[in-house]
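Engineer: This is coords.txt, which holds compact mmCIF, C-alpha atoms:
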```txt
# COMPACT_ATOMS: atom_id res chain seq x y z
CA ARG L 1 0.00 0.00 0.00
CA SER L 2 0.99 3.60 -0.44
CA SER L 3 3.02 5.13 2.38
CA LEU L 4 1.85 8.61 1.41
CA PRO L 5 -0.09 10.45 4.11
CA GLY L 6 -3.77 10.55 3.24
CA MET L 7 -3.67 7.72 0.68
CA THR L 8 -4.81 4.18 1.52
CA GLN L 9 -5.41 2.40 -1.79
CA GLY L 10 -2.95 -0.22 -2.99
CA LEU L 11 -0.46 0.72 -5.70
CA SER L 12 0.90 -1.78 -8.20
CA PRO L 13 4.68 -1.67 -8.85
CA ASP L 14 4.09 -3.37 -12.24
CA VAL L 15 1.52 -0.93 -13.55
CA PHE L 16 3.73 0.58 -16.28
CA THR L 17 5.17 -2.76 -17.38
CA GLY L 18 3.69 -5.49 -19.55
CA PHE L 19 2.01 -6.94 -16.46
CA GLY L 20 0.03 -3.72 -16.17
CA GLN L 21 -1.90 -4.62 -19.34
CA ALA L 22 -3.82 -7.33 -17.47
CA PRO L 23 -7.52 -6.81 -16.66
CA GLY L 24 -7.87 -3.89 -14.28
CA GLY L 25 -4.52 -2.47 -15.32
CA ARG L 26 -5.98 0.86 -16.41
CA LYS L 27 -7.51 1.45 -12.98
CA LEU L 28 -4.22 0.58 -11.30
CA GLY L 29 -2.46 3.01 -13.63
CA GLU L 30 -4.87 5.76 -12.66
CA ASN L 31 -4.19 5.11 -8.98
CA VAL L 32 -0.44 5.37 -9.49
CA SER L 33 -0.79 8.56 -11.57
CA LYS L 34 -2.99 10.13 -8.89
CA ALA L 35 -0.56 9.10 -6.15
CA THR L 36 2.37 10.59 -8.11
CA ALA L 37 0.53 13.86 -8.67
CA TYR L 38 -0.43 13.96 -4.99
CA LEU L 39 3.17 13.35 -3.97
CA LEU L 40 4.61 16.07 -6.22
CA LYS L 41 1.91 18.72 -5.74
CA GLN L 42 0.89 18.16 -2.13
CA VAL L 43 3.15 15.95 -0.01
CA ILE L 44 6.57 17.30 -1.03
CA PRO L 45 5.60 21.02 -0.92
CA ASP L 46 3.86 20.50 2.44
CA ALA L 47 6.95 18.76 3.79
CA CYS L 48 9.18 21.64 2.67
CA ARG L 49 6.90 24.18 4.32
CA TRP L 50 6.79 22.07 7.50
CA LEU L 51 10.58 21.84 7.63
CA VAL L 52 10.93 25.61 7.32
CA ALA L 53 8.08 26.43 9.70
CA THR L 54 9.38 24.13 12.43
CA LYS L 55 13.03 24.93 11.69
CA LYS L 56 13.69 21.20 11.45
CA THR L 57 17.44 20.81 11.01
CA LEU L 58 18.56 18.03 8.68
CA ASP L 59 21.90 16.24 8.64
CA ASN L 60 23.20 12.90 7.41
CA SER L 61 21.96 11.17 10.57
CA ASN L 62 18.29 12.17 10.38
CA LEU L 63 17.71 13.18 6.75
CA ALA L 64 16.57 9.80 5.45
CA PRO L 65 14.29 8.96 8.42
CA THR L 66 12.72 12.42 8.31
CA LEU L 67 11.92 12.25 4.60
CA HIS L 68 10.69 8.66 4.83
CA ALA L 69 8.38 9.62 7.70
CA GLN L 70 6.79 12.16 5.35
CA GLY L 71 6.35 9.50 2.65
CA ILE L 72 9.16 10.90 0.48
CA ASN L 73 11.83 8.75 -1.18
CA LEU L 74 15.36 10.18 -1.23
CA ARG L 75 15.29 10.25 -5.03
CA PHE L 76 12.98 13.28 -4.69
CA MET L 77 15.58 15.36 -2.85
CA GLY L 78 16.17 17.29 -6.08
CA ILE L 79 12.53 18.39 -6.27
CA MET L 80 12.60 19.31 -2.59
CA ARG L 81 15.68 21.44 -3.16
CA ARG L 82 14.02 23.24 -6.06
CA ILE L 83 10.98 24.05 -3.90
CA LEU L 84 13.16 25.25 -1.03
CA ILE L 85 15.04 27.55 -3.40
CA GLU L 86 11.72 28.96 -4.62
CA MET L 87 10.82 29.61 -0.98
CA THR L 88 13.69 32.10 -0.77
CA SER L 89 12.10 34.33 -3.42
CA SER L 90 9.94 37.41 -2.89
CA ALA L 91 7.18 35.77 -4.95
CA TYR L 92 6.85 33.08 -2.31
CA ASP L 93 6.60 35.71 0.43
CA GLU L 94 3.77 37.39 -1.46
CA GLU L 95 1.96 34.08 -1.86
CA ARG L 96 2.30 33.31 1.84
CA GLU L 97 0.91 36.71 2.76
CA LYS L 98 -2.13 36.13 0.56
CA GLU L 99 -2.78 32.84 2.31
CA GLY L 100 -2.12 33.78 5.91
CA GLY L 101 -1.75 37.52 6.29
CA GLU L 102 1.31 39.71 6.63
CA ARG L 103 4.55 38.54 8.21
CA ASN L 104 7.16 40.79 9.70
CA GLN L 105 10.52 41.25 8.03
CA ASP L 106 12.41 39.22 10.63
CA ASP L 107 10.21 36.16 9.99
CA ARG L 108 10.71 36.51 6.24
CA VAL L 109 14.48 36.70 6.57
CA ALA L 110 14.60 33.78 9.02
CA ASP L 111 12.49 31.58 6.73
CA ARG L 112 14.56 32.47 3.67
CA GLU L 113 17.83 31.74 5.41
CA PHE L 114 16.59 28.44 6.78
CA ALA L 115 15.14 27.35 3.43
CA ASN L 116 18.45 28.19 1.77
CA SER L 117 20.32 26.20 4.44
CA LEU L 118 18.09 23.16 3.87
CA ALA L 119 18.55 23.43 0.10
CA HIS L 120 22.32 23.44 0.63
CA THR L 121 22.09 20.40 2.93
CA LEU L 122 20.12 18.46 0.32
CA LEU L 123 22.62 19.36 -2.40
CA MET L 124 25.52 18.15 -0.25
CA GLU L 125 23.67 14.90 0.45
CA MET L 126 23.02 14.27 -3.24
CA ILE L 127 26.62 15.01 -4.19
CA SER L 128 27.99 12.81 -1.40
CA ARG L 129 25.81 9.91 -2.51
CA GLN L 130 27.09 10.21 -6.08
CA MET L 131 30.68 10.51 -4.86
CA LYS L 132 30.21 7.33 -2.84
CA ILE L 133 29.10 5.52 -6.01
CA ASP L 134 32.08 6.95 -7.90
CA LEU L 135 34.59 5.90 -5.26
CA ARG L 136 33.19 2.39 -5.00
CA SER L 137 33.37 2.06 -8.79
CA LEU L 138 36.97 3.26 -8.72
CA MET L 139 37.88 0.71 -6.06
CA ARG L 140 36.16 -2.18 -7.84
CA ARG L 141 37.91 -1.50 -11.12
CA ASN L 142 41.37 -1.01 -9.67
CA SER L 143 41.52 -3.71 -7.01
CA GLY L 144 44.43 -6.04 -7.76
CA THR L 145 43.36 -8.60 -5.16
CA SER L 146 39.93 -10.21 -5.07
CA THR L 147 38.54 -10.20 -1.55
CA SER L 148 36.48 -13.30 -2.42
CA SER L 149 39.72 -15.30 -2.67
CA LEU L 150 40.35 -14.64 1.00
CA THR L 151 37.36 -16.78 1.97
CA LYS L 152 38.65 -19.96 0.32
CA GLY L 153 39.64 -22.73 2.69
CA ASN L 154 43.03 -23.40 1.12
CA ILE L 155 44.57 -20.10 2.18
CA THR L 156 46.39 -19.78 5.49
CA SER L 157 45.44 -17.18 8.04
CA SER L 158 48.81 -15.44 7.69
CA ARG L 159 48.46 -15.21 3.91
CA ALA L 160 44.89 -14.00 4.31
CA HIS L 161 46.01 -11.31 6.74
CA ALA L 162 48.79 -10.19 4.40
CA ALA L 163 46.46 -10.12 1.41
CA ASN L 164 43.82 -8.24 3.39
CA THR L 165 46.40 -5.68 4.50
CA GLU L 166 47.45 -5.20 0.89
CA VAL L 167 43.83 -4.68 -0.21
CA VAL L 168 43.19 -2.14 2.55
CA SER L 169 46.38 -0.25 1.68
CA GLN L 170 45.39 -0.19 -1.98
CA TYR L 171 41.92 1.10 -1.17
CA LEU L 172 43.33 3.82 1.07
CA ALA L 173 45.70 4.91 -1.71
CA LEU L 174 42.83 5.03 -4.19
CA ALA L 175 40.69 7.05 -1.77
CA LEU L 176 43.55 9.53 -1.30
CA CYS L 177 44.03 9.84 -5.06
CA TYR L 178 40.30 10.27 -5.61
CA GLY L 179 40.05 12.99 -2.98
CA ASN L 180 43.04 14.91 -4.32
CA GLY L 181 41.81 14.48 -7.89
CA ILE L 182 38.34 15.94 -7.36
CA ARG L 183 39.79 18.80 -5.30
CA GLY L 184 42.23 19.70 -8.05
CA VAL L 185 45.29 19.28 -5.84
CA GLY L 186 48.58 19.77 -7.64
CA LYS L 187 48.50 18.70 -11.25
CA HIS L 188 44.88 17.55 -11.05
CA ALA L 189 43.25 20.93 -11.68
CA THR L 190 42.05 19.92 -15.16
CA LEU L 191 40.79 16.58 -13.85
CA ALA L 192 38.77 18.34 -11.14
CA LYS L 193 37.18 20.68 -13.70
CA ILE L 194 36.09 17.74 -15.85
CA TYR L 195 34.85 15.81 -12.81
CA TRP L 196 32.59 18.59 -11.56
CA ASP L 197 31.32 19.37 -15.06
CA ARG L 198 30.41 15.72 -15.28
CA MET L 199 28.79 15.80 -11.84
CA ARG L 200 26.43 18.51 -13.12
CA VAL L 201 25.43 16.14 -15.92
CA VAL L 202 25.07 12.99 -13.83
CA LEU L 203 23.37 14.40 -10.74
CA PRO L 204 20.08 15.51 -12.41
CA LYS L 205 19.73 12.03 -13.91
CA LYS L 206 19.57 10.57 -10.42
CA PHE L 207 17.79 13.43 -8.64
CA CYS L 208 15.27 15.16 -10.88
CA ALA L 209 15.32 18.99 -10.90
CA CYS L 210 18.14 19.09 -8.35
CA LEU L 211 20.07 21.89 -10.09
CA THR L 212 18.87 25.33 -11.10
CA LYS L 213 19.15 26.69 -14.62
CA GLU L 214 22.03 28.89 -13.54
CA GLU L 215 23.90 25.94 -12.04
CA LEU L 216 23.43 23.85 -15.17
CA GLU L 217 24.76 26.70 -17.32
CA LEU L 218 28.07 26.46 -15.46
CA ILE L 219 28.90 23.32 -17.41
CA SER L 220 31.71 24.19 -19.76
CA CYS L 221 30.77 21.36 -22.17
CA SER L 222 27.42 22.95 -23.04
CA SER L 223 26.45 21.43 -26.39
CA SER L 224 25.58 17.75 -26.76
CA SER L 225 28.61 17.07 -28.99
CA SER L 226 31.08 18.80 -26.71
CA ARG L 227 29.45 17.18 -23.68
CA SER L 228 30.02 13.80 -25.30
CA ARG L 229 33.68 14.71 -25.79
CA CYS L 230 33.82 15.78 -22.16
CA HIS L 231 32.55 12.35 -21.08
CA SER L 232 35.04 10.64 -23.35
CA LYS L 233 37.91 12.72 -22.02
CA SER L 234 36.98 12.07 -18.41
CA SER L 235 36.82 8.33 -19.12
CA THR L 236 40.33 8.44 -20.56
CA ILE L 237 41.72 10.43 -17.65
CA PHE L 238 40.23 8.20 -14.97
CA ASN L 239 41.04 4.89 -16.65
CA LYS L 240 44.42 3.20 -16.47
CA ASN L 241 44.24 1.87 -20.01
CA GLY L 242 42.30 4.68 -21.66
CA SER L 243 39.12 2.59 -21.84
CA ASN L 244 36.03 2.21 -19.70
CA GLY L 245 36.79 -1.40 -18.88
CA GLY L 246 33.65 -2.56 -20.71
CA ASP L 247 31.41 -1.60 -17.82
CA GLN L 248 28.80 0.49 -19.57
CA ALA L 249 26.30 0.14 -16.74
CA GLU L 250 28.36 2.51 -14.59
CA ASN L 251 29.25 4.98 -17.32
CA ASP L 252 27.47 7.77 -15.45
CA SER L 253 29.72 7.15 -12.47
CA VAL L 254 33.39 7.93 -12.43
CA PRO L 255 35.25 5.30 -14.48
CA SER L 256 38.50 3.69 -13.43
CA SER L 257 41.40 5.73 -12.15
CA SER L 258 43.99 7.13 -14.50
CA SER L 259 47.64 6.28 -14.38
CA SER L 260 48.15 9.56 -12.55
CA LEU L 261 45.65 8.44 -9.94
CA SER L 262 46.78 4.85 -9.67
CA SER L 263 49.48 5.41 -7.08
CA SER L 264 49.35 7.39 -3.89
CA SER L 265 52.75 8.95 -4.51
CA SER L 266 51.47 10.82 -7.57
CA CYS L 267 48.56 12.31 -5.62
CA ARG L 268 50.22 13.52 -2.46
```
Kindly transcribe the structure held in the file into structure tokens.
Structural biologist:
Amino acid sequence: RSSLPGMTQGLSPDVFTGFGQAPGGRKLGENVSKATAYLLKQVIPDACRWLVATKKTLDNSNLAPTLHAQGINLRFMGIMRRILIEMTSSAYDEEREKEGGERNQDDRVADREFANSLAHTLLMEMISRQMKIDLRSLMRRNSGTSTSSLTKGNITSSRAHAANTEVVSQYLALALCYGNGIRGVGKHATLAKIYWDRMRVVLPKKFCACLTKEELELISCSSSSSRSRCHSKSSTIFNKNGSNGGDQAENDSVPSSSSSLSSSSSCR
């Protein structure tokens, strides 16, 4: 059943697949469409207003539980951020005054500042989640030792410990290289520029409407052809062999590390 406040009818997860063509599928589709509209037009805006009105602070420890309690999946953080940004505008103040009377200037400023703070928190959460995916992809593609081999019965405990230590050291080196690379430390300034241009492309695919028009216009690879070249260039820079390793499923994440990012000494 729907976890949205105020909705009790069952929702089919297969409604927009071939299974949804079965008898009664049209009615199920209508229910899902109504629930989606209700979520986007009522639940999410109400949750944003509630957060600002109650000055509910969000951080990485309570963000997911708070949104889930309101019936909102984390994939909608982008839409929430867009609404919160709109709440910092004078047009929103005028709309609020029409609904509930005048508010003093101090209340307006406090609400705007808090809405802006929440929007920033959501953006940081979305970026950190994408960076986690990128780093895991980097580690998977550049691990020289398979951790699954450590579970086999024919390996001694001392060898397992040595192999595990080697894996941990390699992962730490990759994490250091990744962090320095995206920060543009030393010779990685160009790499960082490409990475964050790419982040502006990837992030809206995972979190709809998460970036404003002005933020999207910051992408240096603006046209579709140049954006494609930007993706190709970033793949070459991050990959040891100049290829994507055949893993197309993760092409929107950061590909493998480059030769310049494959050793900790080159990143320190």
Engineer: Considering all atoms listed in the file, state which residue in the set L:Arg136, L:His188, L:Val201, L:Arg183 is at the smallest distance from Tyr171 in chain L.
Structural biologist: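 Nearest to Tyr171 in chain L: L:Arg136.
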Engineer: Determine, counting all atoms listed in the file, which protein, DNA and RNA residues have an atom within 6 Å of an atom of range 77-88 of chain L; residues of the same chain fewer than 5 positions away are not included. Present the result as a list in words.
Structural biologist: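 In the requested form, the answer reads Arg112, Ala115, Ala119, Phe207, Cys208, Ala209 and Cys210 of chain L.
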Engineer: With only C-alpha atoms as the basis for distance, which of L:Gly186, L:Val43, L:Asn60, L:Leu174 is at the shortest distance from Ser137 in chain L?
Structural biologist: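 Going through L:Gly186, L:Val43, L:Asn60, L:Leu174 one by one, the smallest distance to Ser137 in chain L is for L:Leu174.
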Engineer: Would you compute the distance between CA of Gly29 in chain L and CA of Leu11 in chain L? Give it in Å to one decimal.
Structural biologist: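 Between CA of Gly29 in chain L and CA of Leu11 in chain L the gap is 8.5 Å.
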Engineer: For His68 in chain L, work out the shell of residues within 12 Å, counting all atoms listed in the file and skipping chain neighbours fewer than 2 positions away, then give it as a VMD selection string.
Structural biologist: chain L and resid 3 to 5 43 to 44 47 62 to 66 70 to 77
Engineer: Could the residues in this selection be saved with C-alpha atoms as a PDB file, in the frame of the given file?
Structural biologist:
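Result written to again.pdb:
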```pdb
ATOM      1  CA  SER L   3       3.020   5.130   2.380  1.00  0.00           C
ATOM      2  CA  LEU L   4       1.850   8.610   1.410  1.00  0.00           C
ATOM      3  CA  PRO L   5      -0.090  10.450   4.110  1.00  0.00           C
ATOM      4  CA  VAL L  43       3.150  15.950  -0.010  1.00  0.00           C
ATOM      5  CA  ILE L  44       6.570  17.300  -1.030  1.00  0.00           C
ATOM      6  CA  ALA L  47       6.950  18.760   3.790  1.00  0.00           C
ATOM      7  CA  ASN L  62      18.290  12.170  10.380  1.00  0.00           C
ATOM      8  CA  LEU L  63      17.710  13.180   6.750  1.00  0.00           C
ATOM      9  CA  ALA L  64      16.570   9.800   5.450  1.00  0.00           C
ATOM     10  CA  PRO L  65      14.290   8.960   8.420  1.00  0.00           C
ATOM     11  CA  THR L  66      12.720  12.420   8.310  1.00  0.00           C
ATOM     12  CA  GLN L  70       6.790  12.160   5.350  1.00  0.00           C
ATOM     13  CA  GLY L  71       6.350   9.500   2.650  1.00  0.00           C
ATOM     14  CA  ILE L  72       9.160  10.900   0.480  1.00  0.00           C
ATOM     15  CA  ASN L  73      11.830   8.750  -1.180  1.00  0.00           C
ATOM     16  CA  LEU L  74      15.360  10.180  -1.230  1.00  0.00           C
ATOM     17  CA  ARG L  75      15.290  10.250  -5.030  1.00  0.00           C
ATOM     18  CA  PHE L  76      12.980  13.280  -4.690  1.00  0.00           C
ATOM     19  CA  MET L  77      15.580  15.360  -2.850  1.00  0.00           C
TER      20      MET L  77
END
```
Engineer: CA of Glu113 in chain L and CA of Met131 in chain L, how far apart in Å?
Structural biologist: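 Straight-line distance from CA of Met131 in chain L to CA of Glu113 in chain L works out to 26.9 Å.
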